[in-house]
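Next comes protein.pdb, with PDB, C-alpha atoms, pLDDT in the B column.
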ATOM      1  CA  MET B   1      19.377   3.234  17.143  1.00 45.00           C
ATOM      2  CA  GLY B   2      17.120   4.942  19.641  1.00 40.00           C
ATOM      3  CA  ASP B   3      13.371   4.372  19.732  1.00 39.00           C
ATOM      4  CA  ARG B   4      12.743   7.948  18.547  1.00 35.00           C
ATOM      5  CA  GLN B   5      14.578   7.193  15.314  1.00 54.00           C
ATOM      6  CA  ARG B   6      12.822   3.910  14.554  1.00 73.00           C
ATOM      7  CA  ARG B   7       9.833   5.595  12.948  1.00 94.00           C
ATOM      8  CA  PHE B   8       9.520   3.322   9.947  1.00 97.00           C
ATOM      9  CA  THR B   9       9.511  -0.116  11.550  1.00 97.00           C
ATOM     10  CA  ALA B  10       7.557   1.255  14.511  1.00 97.00           C
ATOM     11  CA  ALA B  11       4.794   2.374  12.144  1.00 98.00           C
ATOM     12  CA  LEU B  12       4.580  -1.112  10.631  1.00 98.00           C
ATOM     13  CA  ASP B  13       4.360  -2.630  14.114  1.00 97.00           C
ATOM     14  CA  ALA B  14       1.672  -0.122  15.143  1.00 97.00           C
ATOM     15  CA  ALA B  15      -0.449  -0.929  12.091  1.00 97.00           C
ATOM     16  CA  ARG B  16      -0.403  -4.623  12.915  1.00 95.00           C
ATOM     17  CA  ALA B  17      -1.208  -3.907  16.578  1.00 96.00           C
ATOM     18  CA  ALA B  18      -4.211  -1.885  15.383  1.00 95.00           C
ATOM     19  CA  GLY B  19      -5.466  -4.869  13.375  1.00 94.00           C
ATOM     20  CA  ARG B  20      -4.484  -3.614   9.906  1.00 96.00           C
ATOM     21  CA  VAL B  21      -2.288  -5.243   7.293  1.00 97.00           C
ATOM     22  CA  PRO B  22       0.919  -3.157   7.509  1.00 98.00           C
ATOM     23  CA  LEU B  23       1.144  -1.486   4.112  1.00 98.00           C
ATOM     24  CA  ILE B  24       3.925   0.598   2.589  1.00 98.00           C
ATOM     25  CA  SER B  25       2.020   2.420  -0.141  1.00 98.00           C
ATOM     26  CA  GLU B  26       4.151   3.708  -2.989  1.00 98.00           C
ATOM     27  CA  ILE B  27       4.244   6.907  -5.020  1.00 98.00           C
ATOM     28  CA  LYS B  28       5.934   6.208  -8.348  1.00 96.00           C
ATOM     29  CA  VAL B  29       5.648   8.520 -11.353  1.00 97.00           C
ATOM     30  CA  LYS B  30       6.200   5.853 -14.016  1.00 94.00           C
ATOM     31  CA  SER B  31       7.783   2.434 -14.535  1.00 88.00           C
ATOM     32  CA  PRO B  32       9.608   0.767 -17.432  1.00 88.00           C
ATOM     33  CA  LYS B  33       6.915  -1.923 -17.505  1.00 83.00           C
ATOM     34  CA  GLU B  34       3.710  -0.002 -16.776  1.00 88.00           C
ATOM     35  CA  GLY B  35       4.488   3.446 -18.182  1.00 93.00           C
ATOM     36  CA  ASP B  36       2.853   6.567 -16.712  1.00 95.00           C
ATOM     37  CA  LEU B  37       1.371   5.805 -13.296  1.00 96.00           C
ATOM     38  CA  LEU B  38       0.335   9.235 -12.057  1.00 96.00           C
ATOM     39  CA  ALA B  39      -1.769   9.978 -15.155  1.00 93.00           C
ATOM     40  CA  GLY B  40      -1.809  13.684 -14.380  1.00 94.00           C
ATOM     41  CA  ARG B  41      -2.836  13.271 -10.749  1.00 97.00           C
ATOM     42  CA  ASP B  42      -1.288  15.269  -7.915  1.00 98.00           C
ATOM     43  CA  PRO B  43       1.139  13.069  -5.934  1.00 98.00           C
ATOM     44  CA  VAL B  44       0.478  15.099  -2.775  1.00 98.00           C
ATOM     45  CA  ALA B  45      -3.258  14.408  -3.016  1.00 98.00           C
ATOM     46  CA  LEU B  46      -2.559  10.727  -3.631  1.00 98.00           C
ATOM     47  CA  ALA B  47      -0.202  10.494  -0.641  1.00 98.00           C
ATOM     48  CA  ARG B  48      -2.696  12.204   1.650  1.00 98.00           C
ATOM     49  CA  GLY B  49      -5.383   9.801   0.486  1.00 98.00           C
ATOM     50  CA  MET B  50      -3.110   6.855   1.216  1.00 98.00           C
ATOM     51  CA  GLU B  51      -2.514   8.209   4.712  1.00 98.00           C
ATOM     52  CA  ARG B  52      -6.237   8.694   5.364  1.00 98.00           C
ATOM     53  CA  ALA B  53      -6.930   5.162   4.179  1.00 98.00           C
ATOM     54  CA  GLY B  54      -4.588   3.586   6.722  1.00 98.00           C
ATOM     55  CA  ALA B  55      -1.237   3.029   5.008  1.00 98.00           C
ATOM     56  CA  ALA B  56       1.439   2.532   7.653  1.00 98.00           C
ATOM     57  CA  CYS B  57       4.266   4.083   5.638  1.00 98.00           C
ATOM     58  CA  LEU B  58       4.960   5.678   2.288  1.00 98.00           C
ATOM     59  CA  SER B  59       7.537   4.677  -0.324  1.00 98.00           C
ATOM     60  CA  VAL B  60       8.710   7.373  -2.732  1.00 98.00           C
ATOM     61  CA  VAL B  61      10.655   6.380  -5.841  1.00 97.00           C
ATOM     62  CA  THR B  62      13.223   9.123  -6.467  1.00 98.00           C
ATOM     63  CA  GLU B  63      15.089   7.593  -9.435  1.00 96.00           C
ATOM     64  CA  GLY B  64      14.651   9.970 -12.347  1.00 95.00           C
ATOM     65  CA  PRO B  65      15.512   8.655 -15.837  1.00 94.00           C
ATOM     66  CA  ARG B  66      13.524   5.406 -15.722  1.00 93.00           C
ATOM     67  CA  PHE B  67      11.020   5.975 -12.927  1.00 94.00           C
ATOM     68  CA  GLY B  68      10.410   9.719 -13.143  1.00 96.00           C
ATOM     69  CA  GLY B  69      11.157  10.486  -9.510  1.00 97.00           C
ATOM     70  CA  SER B  70      13.243  13.159  -7.822  1.00 98.00           C
ATOM     71  CA  LEU B  71      14.518  14.320  -4.475  1.00 98.00           C
ATOM     72  CA  GLU B  72      12.175  17.286  -4.792  1.00 98.00           C
ATOM     73  CA  LEU B  73       9.241  14.870  -4.892  1.00 98.00           C
ATOM     74  CA  LEU B  74      10.561  13.190  -1.740  1.00 98.00           C
ATOM     75  CA  ARG B  75      10.845  16.508   0.091  1.00 98.00           C
ATOM     76  CA  THR B  76       7.398  17.659  -1.047  1.00 98.00           C
ATOM     77  CA  LEU B  77       5.727  14.472   0.149  1.00 98.00           C
ATOM     78  CA  SER B  78       7.642  14.372   3.428  1.00 97.00           C
ATOM     79  CA  GLU B  79       6.271  17.842   4.180  1.00 97.00           C
ATOM     80  CA  ALA B  80       2.733  16.924   3.094  1.00 97.00           C
ATOM     81  CA  VAL B  81       2.132  13.768   5.171  1.00 97.00           C
ATOM     82  CA  SER B  82       3.066  12.538   8.623  1.00 97.00           C
ATOM     83  CA  LEU B  83       3.801   8.969   7.501  1.00 97.00           C
ATOM     84  CA  PRO B  84       7.414   7.777   7.727  1.00 98.00           C
ATOM     85  CA  ILE B  85       8.874   7.553   4.232  1.00 98.00           C
ATOM     86  CA  LEU B  86      11.160   5.095   2.458  1.00 98.00           C
ATOM     87  CA  ARG B  87      13.415   6.582  -0.215  1.00 98.00           C
ATOM     88  CA  LYS B  88      13.399   4.029  -3.023  1.00 97.00           C
ATOM     89  CA  ASP B  89      16.330   4.534  -5.399  1.00 96.00           C
ATOM     90  CA  PHE B  90      19.649   3.096  -6.557  1.00 94.00           C
ATOM     91  CA  VAL B  91      21.686   4.651  -3.753  1.00 95.00           C
ATOM     92  CA  THR B  92      25.398   3.946  -4.198  1.00 95.00           C
ATOM     93  CA  ASP B  93      27.434   6.442  -2.148  1.00 95.00           C
ATOM     94  CA  ARG B  94      27.653   7.962   1.314  1.00 95.00           C
ATOM     95  CA  ASP B  95      26.648  11.476   0.237  1.00 96.00           C
ATOM     96  CA  GLU B  96      23.300  10.122  -0.964  1.00 97.00           C
ATOM     97  CA  VAL B  97      22.634   8.743   2.520  1.00 97.00           C
ATOM     98  CA  GLN B  98      22.865  12.181   4.106  1.00 96.00           C
ATOM     99  CA  THR B  99      20.834  13.678   1.255  1.00 97.00           C
ATOM    100  CA  THR B 100      18.130  11.107   1.929  1.00 97.00           C
ATOM    101  CA  LYS B 101      17.909  12.240   5.537  1.00 96.00           C
ATOM    102  CA  GLU B 102      17.877  15.914   4.574  1.00 97.00           C
ATOM    103  CA  HIS B 103      14.941  15.405   2.220  1.00 97.00           C
ATOM    104  CA  GLY B 104      12.713  13.903   4.893  1.00 97.00           C
ATOM    105  CA  ALA B 105      12.999  10.122   4.573  1.00 97.00           C
ATOM    106  CA  SER B 106      13.064   7.822   7.599  1.00 97.00           C
ATOM    107  CA  CYS B 107      14.283   4.719   5.766  1.00 98.00           C
ATOM    108  CA  LEU B 108      16.670   4.016   2.889  1.00 98.00           C
ATOM    109  CA  LEU B 109      16.542   1.181   0.351  1.00 98.00           C
ATOM    110  CA  LEU B 110      19.762  -0.803  -0.178  1.00 98.00           C
ATOM    111  CA  MET B 111      19.694  -3.533  -2.827  1.00 96.00           C
ATOM    112  CA  VAL B 112      21.971  -6.559  -2.592  1.00 96.00           C
ATOM    113  CA  ALA B 113      21.651  -7.089  -6.361  1.00 93.00           C
ATOM    114  CA  VAL B 114      22.938  -3.599  -7.150  1.00 93.00           C
ATOM    115  CA  LEU B 115      25.695  -2.958  -4.596  1.00 96.00           C
ATOM    116  CA  ASP B 116      28.914  -4.844  -4.058  1.00 96.00           C
ATOM    117  CA  TRP B 117      28.904  -6.225  -0.534  1.00 96.00           C
ATOM    118  CA  PRO B 118      31.516  -3.950   1.121  1.00 97.00           C
ATOM    119  CA  ARG B 119      29.700  -0.894  -0.241  1.00 97.00           C
ATOM    120  CA  LEU B 120      26.324  -2.128   1.006  1.00 97.00           C
ATOM    121  CA  VAL B 121      27.746  -2.683   4.482  1.00 97.00           C
ATOM    122  CA  GLU B 122      29.303   0.786   4.406  1.00 98.00           C
ATOM    123  CA  LEU B 123      26.035   2.441   3.381  1.00 98.00           C
ATOM    124  CA  HIS B 124      24.084   0.453   5.961  1.00 98.00           C
ATOM    125  CA  GLU B 125      26.425   1.701   8.679  1.00 97.00           C
ATOM    126  CA  GLU B 126      26.314   5.277   7.369  1.00 97.00           C
ATOM    127  CA  ALA B 127      22.523   5.214   7.357  1.00 97.00           C
ATOM    128  CA  ARG B 128      22.522   4.080  10.966  1.00 95.00           C
ATOM    129  CA  ARG B 129      24.925   6.897  11.836  1.00 96.00           C
ATOM    130  CA  CYS B 130      22.548   9.410  10.206  1.00 95.00           C
ATOM    131  CA  GLY B 131      19.542   8.093  12.110  1.00 96.00           C
ATOM    132  CA  LEU B 132      17.974   6.299   9.145  1.00 97.00           C
ATOM    133  CA  GLU B 133      16.646   2.775   9.134  1.00 98.00           C
ATOM    134  CA  THR B 134      17.434   0.602   6.129  1.00 98.00           C
ATOM    135  CA  LEU B 135      15.376  -1.758   4.009  1.00 98.00           C
ATOM    136  CA  VAL B 136      17.856  -4.301   2.632  1.00 98.00           C
ATOM    137  CA  GLU B 137      16.329  -5.890  -0.450  1.00 97.00           C
ATOM    138  CA  VAL B 138      16.906  -9.392  -1.818  1.00 97.00           C
ATOM    139  CA  HIS B 139      15.413 -11.404  -4.655  1.00 94.00           C
ATOM    140  CA  ASP B 140      16.819 -14.912  -4.237  1.00 95.00           C
ATOM    141  CA  GLU B 141      18.259 -17.299  -1.680  1.00 96.00           C
ATOM    142  CA  LEU B 142      21.900 -16.333  -2.276  1.00 96.00           C
ATOM    143  CA  GLU B 143      21.157 -12.650  -1.690  1.00 97.00           C
ATOM    144  CA  LEU B 144      19.093 -13.557   1.368  1.00 97.00           C
ATOM    145  CA  ARG B 145      21.995 -15.445   2.935  1.00 97.00           C
ATOM    146  CA  GLN B 146      24.204 -12.393   2.480  1.00 96.00           C
ATOM    147  CA  ALA B 147      21.638  -9.992   3.904  1.00 97.00           C
ATOM    148  CA  LEU B 148      21.101 -12.123   6.998  1.00 97.00           C
ATOM    149  CA  THR B 149      24.696 -11.505   8.071  1.00 96.00           C
ATOM    150  CA  LEU B 150      23.773  -7.858   8.771  1.00 96.00           C
ATOM    151  CA  ASP B 151      22.045  -6.401  11.816  1.00 95.00           C
ATOM    152  CA  LEU B 152      18.930  -5.678   9.792  1.00 97.00           C
ATOM    153  CA  ASP B 153      16.216  -3.158  10.528  1.00 97.00           C
ATOM    154  CA  LEU B 154      13.969  -4.497   7.777  1.00 98.00           C
ATOM    155  CA  LEU B 155      14.434  -7.145   5.111  1.00 98.00           C
ATOM    156  CA  GLY B 156      12.712  -6.690   1.770  1.00 98.00           C
ATOM    157  CA  ILE B 157      11.932  -9.592  -0.542  1.00 97.00           C
ATOM    158  CA  ASN B 158      11.348  -8.337  -4.082  1.00 95.00           C
ATOM    159  CA  ASN B 159       9.146 -10.649  -6.105  1.00 94.00           C
ATOM    160  CA  ARG B 160      10.571  -9.137  -9.281  1.00 86.00           C
ATOM    161  CA  ASP B 161      14.190  -8.806 -10.427  1.00 80.00           C
ATOM    162  CA  ILE B 162      15.466  -5.240 -10.066  1.00 66.00           C
ATOM    163  CA  ARG B 163      18.270  -6.074 -12.507  1.00 60.00           C
ATOM    164  CA  GLN B 164      15.550  -6.282 -15.149  1.00 57.00           C
ATOM    165  CA  LEU B 165      14.022  -3.041 -13.802  1.00 56.00           C
ATOM    166  CA  GLU B 166      11.158  -5.178 -12.484  1.00 51.00           C
ATOM    167  CA  THR B 167       9.882  -5.919 -15.985  1.00 53.00           C
ATOM    168  CA  ASP B 168       9.791  -9.666 -15.301  1.00 48.00           C
ATOM    169  CA  ASP B 169       6.627 -11.469 -14.218  1.00 61.00           C
ATOM    170  CA  GLY B 170       7.333 -12.211 -10.576  1.00 75.00           C
ATOM    171  CA  THR B 171       4.694 -13.374  -8.108  1.00 89.00           C
ATOM    172  CA  VAL B 172       4.204 -13.297  -4.359  1.00 94.00           C
ATOM    173  CA  ALA B 173       5.251 -16.967  -4.342  1.00 94.00           C
ATOM    174  CA  ASN B 174       8.863 -15.769  -4.271  1.00 95.00           C
ATOM    175  CA  SER B 175       8.272 -14.061  -0.928  1.00 96.00           C
ATOM    176  CA  LEU B 176       6.374 -17.013   0.499  1.00 96.00           C
ATOM    177  CA  ARG B 177       9.284 -19.287  -0.430  1.00 96.00           C
ATOM    178  CA  LEU B 178      12.015 -17.070   1.013  1.00 97.00           C
ATOM    179  CA  LEU B 179      10.070 -16.203   4.165  1.00 97.00           C
ATOM    180  CA  ARG B 180      10.518 -19.833   5.225  1.00 97.00           C
ATOM    181  CA  LEU B 181      14.259 -19.136   5.430  1.00 97.00           C
ATOM    182  CA  VAL B 182      14.011 -15.932   7.477  1.00 97.00           C
ATOM    183  CA  PRO B 183      14.920 -16.416  11.154  1.00 95.00           C
ATOM    184  CA  ALA B 184      12.450 -15.781  13.939  1.00 90.00           C
ATOM    185  CA  GLY B 185      12.519 -12.250  15.280  1.00 88.00           C
ATOM    186  CA  MET B 186      13.365 -10.559  11.984  1.00 95.00           C
ATOM    187  CA  ARG B 187      11.056  -8.103  10.234  1.00 97.00           C
ATOM    188  CA  ALA B 188      10.556  -8.903   6.547  1.00 98.00           C
ATOM    189  CA  ILE B 189       8.271  -7.405   3.923  1.00 98.00           C
ATOM    190  CA  SER B 190       7.198  -8.492   0.455  1.00 98.00           C
ATOM    191  CA  GLU B 191       7.624  -6.062  -2.455  1.00 96.00           C
ATOM    192  CA  SER B 192       6.133  -5.945  -5.966  1.00 89.00           C
ATOM    193  CA  SER B 193       3.570  -8.126  -7.755  1.00 90.00           C
ATOM    194  CA  ILE B 194       1.026  -7.799  -4.952  1.00 94.00           C
ATOM    195  CA  ALA B 195      -2.375  -6.800  -6.281  1.00 92.00           C
ATOM    196  CA  THR B 196      -5.066  -8.210  -3.982  1.00 95.00           C
ATOM    197  CA  PRO B 197      -5.901  -8.311  -0.266  1.00 96.00           C
ATOM    198  CA  LYS B 198      -5.575 -12.101  -0.430  1.00 95.00           C
ATOM    199  CA  GLU B 199      -1.976 -11.835  -1.650  1.00 96.00           C
ATOM    200  CA  ALA B 200      -1.149  -9.222   0.991  1.00 96.00           C
ATOM    201  CA  ARG B 201      -2.609 -11.355   3.761  1.00 95.00           C
ATOM    202  CA  SER B 202      -0.775 -14.441   2.521  1.00 96.00           C
ATOM    203  CA  VAL B 203       2.475 -12.638   3.324  1.00 97.00           C
ATOM    204  CA  ILE B 204       1.314 -11.885   6.868  1.00 96.00           C
ATOM    205  CA  ASP B 205       0.110 -15.465   7.336  1.00 95.00           C
ATOM    206  CA  ALA B 206       3.558 -16.677   6.217  1.00 96.00           C
ATOM    207  CA  GLY B 207       5.214 -14.600   8.949  1.00 96.00           C
ATOM    208  CA  GLY B 208       5.900 -11.396   7.040  1.00 97.00           C
ATOM    209  CA  THR B 209       5.802  -7.989   8.705  1.00 97.00           C
ATOM    210  CA  GLY B 210       4.048  -6.194   5.862  1.00 97.00           C
ATOM    211  CA  VAL B 211       3.838  -5.504   2.148  1.00 98.00           C
ATOM    212  CA  LEU B 212       4.987  -2.777  -0.232  1.00 98.00           C
ATOM    213  CA  VAL B 213       2.498  -2.088  -3.020  1.00 97.00           C
ATOM    214  CA  GLY B 214       2.830   0.500  -5.761  1.00 94.00           C
ATOM    215  CA  THR B 215       1.460  -0.241  -9.213  1.00 93.00           C
ATOM    216  CA  ALA B 216      -1.745  -1.991  -8.125  1.00 94.00           C
ATOM    217  CA  ILE B 217      -2.687   1.002  -5.988  1.00 97.00           C
ATOM    218  CA  LEU B 218      -1.772   3.621  -8.569  1.00 97.00           C
ATOM    219  CA  ARG B 219      -3.638   1.761 -11.321  1.00 95.00           C
ATOM    220  CA  ALA B 220      -6.837   1.720  -9.262  1.00 95.00           C
ATOM    221  CA  ASP B 221      -9.660   4.108 -10.162  1.00 93.00           C
ATOM    222  CA  ASP B 222      -9.919   5.085  -6.482  1.00 97.00           C
ATOM    223  CA  VAL B 223      -6.504   5.019  -4.811  1.00 97.00           C
ATOM    224  CA  GLU B 224      -7.845   5.687  -1.332  1.00 97.00           C
ATOM    225  CA  ALA B 225     -10.385   2.879  -1.578  1.00 98.00           C
ATOM    226  CA  GLU B 226      -7.729   0.502  -2.874  1.00 98.00           C
ATOM    227  CA  VAL B 227      -5.499   1.203   0.111  1.00 98.00           C
ATOM    228  CA  ARG B 228      -8.426   0.608   2.467  1.00 98.00           C
ATOM    229  CA  ARG B 229      -9.050  -2.718   0.749  1.00 97.00           C
ATOM    230  CA  LEU B 230      -5.441  -3.813   1.168  1.00 97.00           C
ATOM    231  CA  VAL B 231      -5.087  -2.841   4.831  1.00 97.00           C
ATOM    232  CA  SER B 232      -8.394  -4.328   5.954  1.00 92.00           C
ATOM    233  CA  PRO B 233      -7.868  -6.984   8.615  1.00 76.00           C
ATOM    234  CA  PRO B 234      -7.776 -10.656   7.666  1.00 59.00           C
ATOM    235  CA  ALA B 235     -10.997 -12.610   7.950  1.00 56.00           C
ATOM    236  CA  ARG B 236      -9.337 -14.894  10.491  1.00 53.00           C
ATOM    237  CA  PRO B 237      -6.399 -14.497  12.878  1.00 47.00           C
ATOM    238  CA  SER B 238      -3.132 -15.670  11.378  1.00 45.00           C
ATOM    239  CA  GLY B 239      -1.861 -16.944  14.703  1.00 46.00           C
ATOM    240  CA  ARG B 240       1.539 -15.440  13.999  1.00 48.00           C
ATOM    241  CA  SER B 241       3.019 -12.110  14.978  1.00 46.00           C
ATOM    242  CA  SER B 242       4.252  -9.742  12.297  1.00 43.00           C
ATOM    243  CA  SER B 243       6.324  -7.475  14.505  1.00 45.00           C
ATOM    244  CA  GLY B 244       9.134  -9.783  13.496  1.00 46.00           C
ATOM    245  CA  GLU B 245       8.482 -12.518  16.090  1.00 43.00           C
ATOM    246  CA  ARG B 246       7.668 -15.670  14.168  1.00 42.00           C
TER     247      ARG B 246
END
Take the structure in this file and express it as structure tokens.
Amino acid sequence: MGDRQRRFTAALDAARAAGRVPLISEIKVKSPKEGDLLAGRDPVALARGMERAGAACLSVVTEGPRFGGSLELLRTLSEAVSLPILRKDFVTDRDEVQTTKEHGASCLLLMVAVLDWPRLVELHEEARRCGLETLVEVHDELELRQALTLDLDLLGINNRDIRQLETDDGTVANSLRLLRLVPAGMRAISESSIATPKEARSVIDAGGTGVLVGTAILRADDVEAEVRRLVSPPARPSGRSSSGER
């Protein structure tokens, strides 16, 4: 994949080089656990605030029945901000890969827990062909071992179990545990159950490339201020690189 197409991981690397915690800030309409997250607010205004506050990338949940998202929301936000965007959904077929590209995303989520392995490999290859990067998501050690057999753009460690629609009480400890098993030179982010700058920085200190945060930001009274809080540089150097080199 050419450098011009690597917008998503390049943005994470650039945030770290600029001294910020690389944050993928999420727009999600609702969740099975937390209910309504937008609370009548304009998602475009929220996304622009996230961009102003220093988020490296945006995640847009497009799943409709349970999370309230849509492809129209993805297209609207991709036209409203300059941040590279992750399409977060239960993508299962090749046509959805091309649709993801057409609606303005730079990166596509593929979940080991949801897809049988041959299909995940097929979709990963199709995404590459379309010029998309992929975030391959795992939750446990078995899924991690499978994911590491791929030529990964970005590994995601979900602290919650997507098979329970993330209604379980996961913690960042899951990422800290699995990050010890991730080889040097591989970009890995922590997803879900991150609510404080301390938790976000713990991921970076453990060798992670960045964090994906949704609910904690959207539940904040001031979304823009919350993003600024999360991306603020650590009080001390971690001594480890988060561009993937551990």
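Residue nearest Leu46 (chain B), chosen from B:Glu26, B:Glu79, B:Glu96, B:Asp205 and counting only C-alpha atoms: B:Glu26.
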Spatial neighbours of Leu230 (chain B), max dist 7 Å, all atoms listed in the file, sep filter under 2 positions, as an MDAnalysis selection string: chainID B and resid 196:197 200 226:228 232
When you look at Leu144 (chain B) with a cut-off of 12 Å (counting all atoms listed in the file), what residues show up, excluding the ones that are within fewer than 3 positions of it in the same chain? I need them as a PyMOL selection string. chain B and resi 111-113+136-141+147-150+152+155-158+174-175+177-183+188
Output C-alpha atoms of each residue in that selection to a file, as an mmCIF file, keeping the file's coordinate frame.
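Written output follows (result_21.cif):
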data_model
loop_
_atom_site.group_PDB
_atom_site.id
_atom_site.type_symbol
_atom_site.label_atom_id
_atom_site.label_comp_id
_atom_site.auth_asym_id
_atom_site.auth_seq_id
_atom_site.Cartn_x
_atom_site.Cartn_y
_atom_site.Cartn_z
ATOM 1 C CA MET B 111 19.694 -3.533 -2.827
ATOM 2 C CA VAL B 112 21.971 -6.559 -2.592
ATOM 3 C CA ALA B 113 21.651 -7.089 -6.361
ATOM 4 C CA VAL B 136 17.856 -4.301 2.632
ATOM 5 C CA GLU B 137 16.329 -5.890 -0.450
ATOM 6 C CA VAL B 138 16.906 -9.392 -1.818
ATOM 7 C CA HIS B 139 15.413 -11.404 -4.655
ATOM 8 C CA ASP B 140 16.819 -14.912 -4.237
ATOM 9 C CA GLU B 141 18.259 -17.299 -1.680
ATOM 10 C CA ALA B 147 21.638 -9.992 3.904
ATOM 11 C CA LEU B 148 21.101 -12.123 6.998
ATOM 12 C CA THR B 149 24.696 -11.505 8.071
ATOM 13 C CA LEU B 150 23.773 -7.858 8.771
ATOM 14 C CA LEU B 152 18.930 -5.678 9.792
ATOM 15 C CA LEU B 155 14.434 -7.145 5.111
ATOM 16 C CA GLY B 156 12.712 -6.690 1.770
ATOM 17 C CA ILE B 157 11.932 -9.592 -0.542
ATOM 18 C CA ASN B 158 11.348 -8.337 -4.082
ATOM 19 C CA ASN B 174 8.863 -15.769 -4.271
ATOM 20 C CA SER B 175 8.272 -14.061 -0.928
ATOM 21 C CA ARG B 177 9.284 -19.287 -0.430
ATOM 22 C CA LEU B 178 12.015 -17.070 1.013
ATOM 23 C CA LEU B 179 10.070 -16.203 4.165
ATOM 24 C CA ARG B 180 10.518 -19.833 5.225
ATOM 25 C CA LEU B 181 14.259 -19.136 5.430
ATOM 26 C CA VAL B 182 14.011 -15.932 7.477
ATOM 27 C CA PRO B 183 14.920 -16.416 11.154
ATOM 28 C CA ALA B 188 10.556 -8.903 6.547
#
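Comparing B:Thr134, B:Thr92, B:Thr99, B:Ser59 by their smallest distance to Leu71 (chain B), the closest is B:Thr99 (using all atoms listed in the file).
Between CA of Gly207 (chain B) and CA of Leu115 (chain B) lies a distance of 27.2 Å.
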What lies within 12 Å of Asp95 (chain B) using only C-alpha atoms, ignoring chain neighbours under 2 positions off, as a PDB file with C-alpha atoms, in the coordinates of the input?
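Final output, result-v1.pdb:
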ATOM      1  CA  VAL B  91      21.686   4.651  -3.753  1.00 95.00           C
ATOM      2  CA  THR B  92      25.398   3.946  -4.198  1.00 95.00           C
ATOM      3  CA  ASP B  93      27.434   6.442  -2.148  1.00 95.00           C
ATOM      4  CA  VAL B  97      22.634   8.743   2.520  1.00 97.00           C
ATOM      5  CA  GLN B  98      22.865  12.181   4.106  1.00 96.00           C
ATOM      6  CA  THR B  99      20.834  13.678   1.255  1.00 97.00           C
ATOM      7  CA  THR B 100      18.130  11.107   1.929  1.00 97.00           C
ATOM      8  CA  LYS B 101      17.909  12.240   5.537  1.00 96.00           C
ATOM      9  CA  GLU B 102      17.877  15.914   4.574  1.00 97.00           C
ATOM     10  CA  GLU B 122      29.303   0.786   4.406  1.00 98.00           C
ATOM     11  CA  LEU B 123      26.035   2.441   3.381  1.00 98.00           C
ATOM     12  CA  GLU B 126      26.314   5.277   7.369  1.00 97.00           C
ATOM     13  CA  ALA B 127      22.523   5.214   7.357  1.00 97.00           C
ATOM     14  CA  CYS B 130      22.548   9.410  10.206  1.00 95.00           C
TER      15      CYS B 130
END
Hey, what's within 12 Å of Gly104 (chain B) if we count all atoms listed in the file and toss same-chain stuff fewer than 4 positions away? As a ChimeraX atom specification, please? /B:7,58-60,71-87,97-100,108,131-132
List as a PyMOL selection string the protein and nucleic acid residues near Gly214 (chain B), meaning an atom at most 8 Å away when only C-alpha atoms are counted, but skip any in the same chain fewer than 5 places from it. chain B and resi 25-28+192
Run through the PyMOL selection byres ((chain B and resi 35) around 12) on the given coordinates and return the selected residues as a ChimeraX atom specification. /B:28-34,36-39,66-68,167,215,218-219
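When the PyMOL selection byres ((chain B and resi 11-19) around 6) is evaluated on the file shown here, the picked residues come out as Phe8, Thr9, Ala10, Arg20, Val21, Pro22, Ala56, Pro233 and Ser243 of chain B.
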Could you dump the residues just selected with C-alpha atoms as a PDB file, in the frame of the given file?
ATOM      1  CA  PHE B   8       9.520   3.322   9.947  1.00 97.00           C
ATOM      2  CA  THR B   9       9.511  -0.116  11.550  1.00 97.00           C
ATOM      3  CA  ALA B  10       7.557   1.255  14.511  1.00 97.00           C
ATOM      4  CA  ARG B  20      -4.484  -3.614   9.906  1.00 96.00           C
ATOM      5  CA  VAL B  21      -2.288  -5.243   7.293  1.00 97.00           C
ATOM      6  CA  PRO B  22       0.919  -3.157   7.509  1.00 98.00           C
ATOM      7  CA  ALA B  56       1.439   2.532   7.653  1.00 98.00           C
ATOM      8  CA  PRO B 233      -7.868  -6.984   8.615  1.00 76.00           C
ATOM      9  CA  SER B 243       6.324  -7.475  14.505  1.00 45.00           C
TER      10      SER B 243
END
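Taking CA of Thr209 (chain B) and CA of Asn159 (chain B) as endpoints, the distance between them is 15.4 Å.
What separates CA of Arg119 (chain B) from CA of Leu23 (chain B) is a distance of 28.9 Å.
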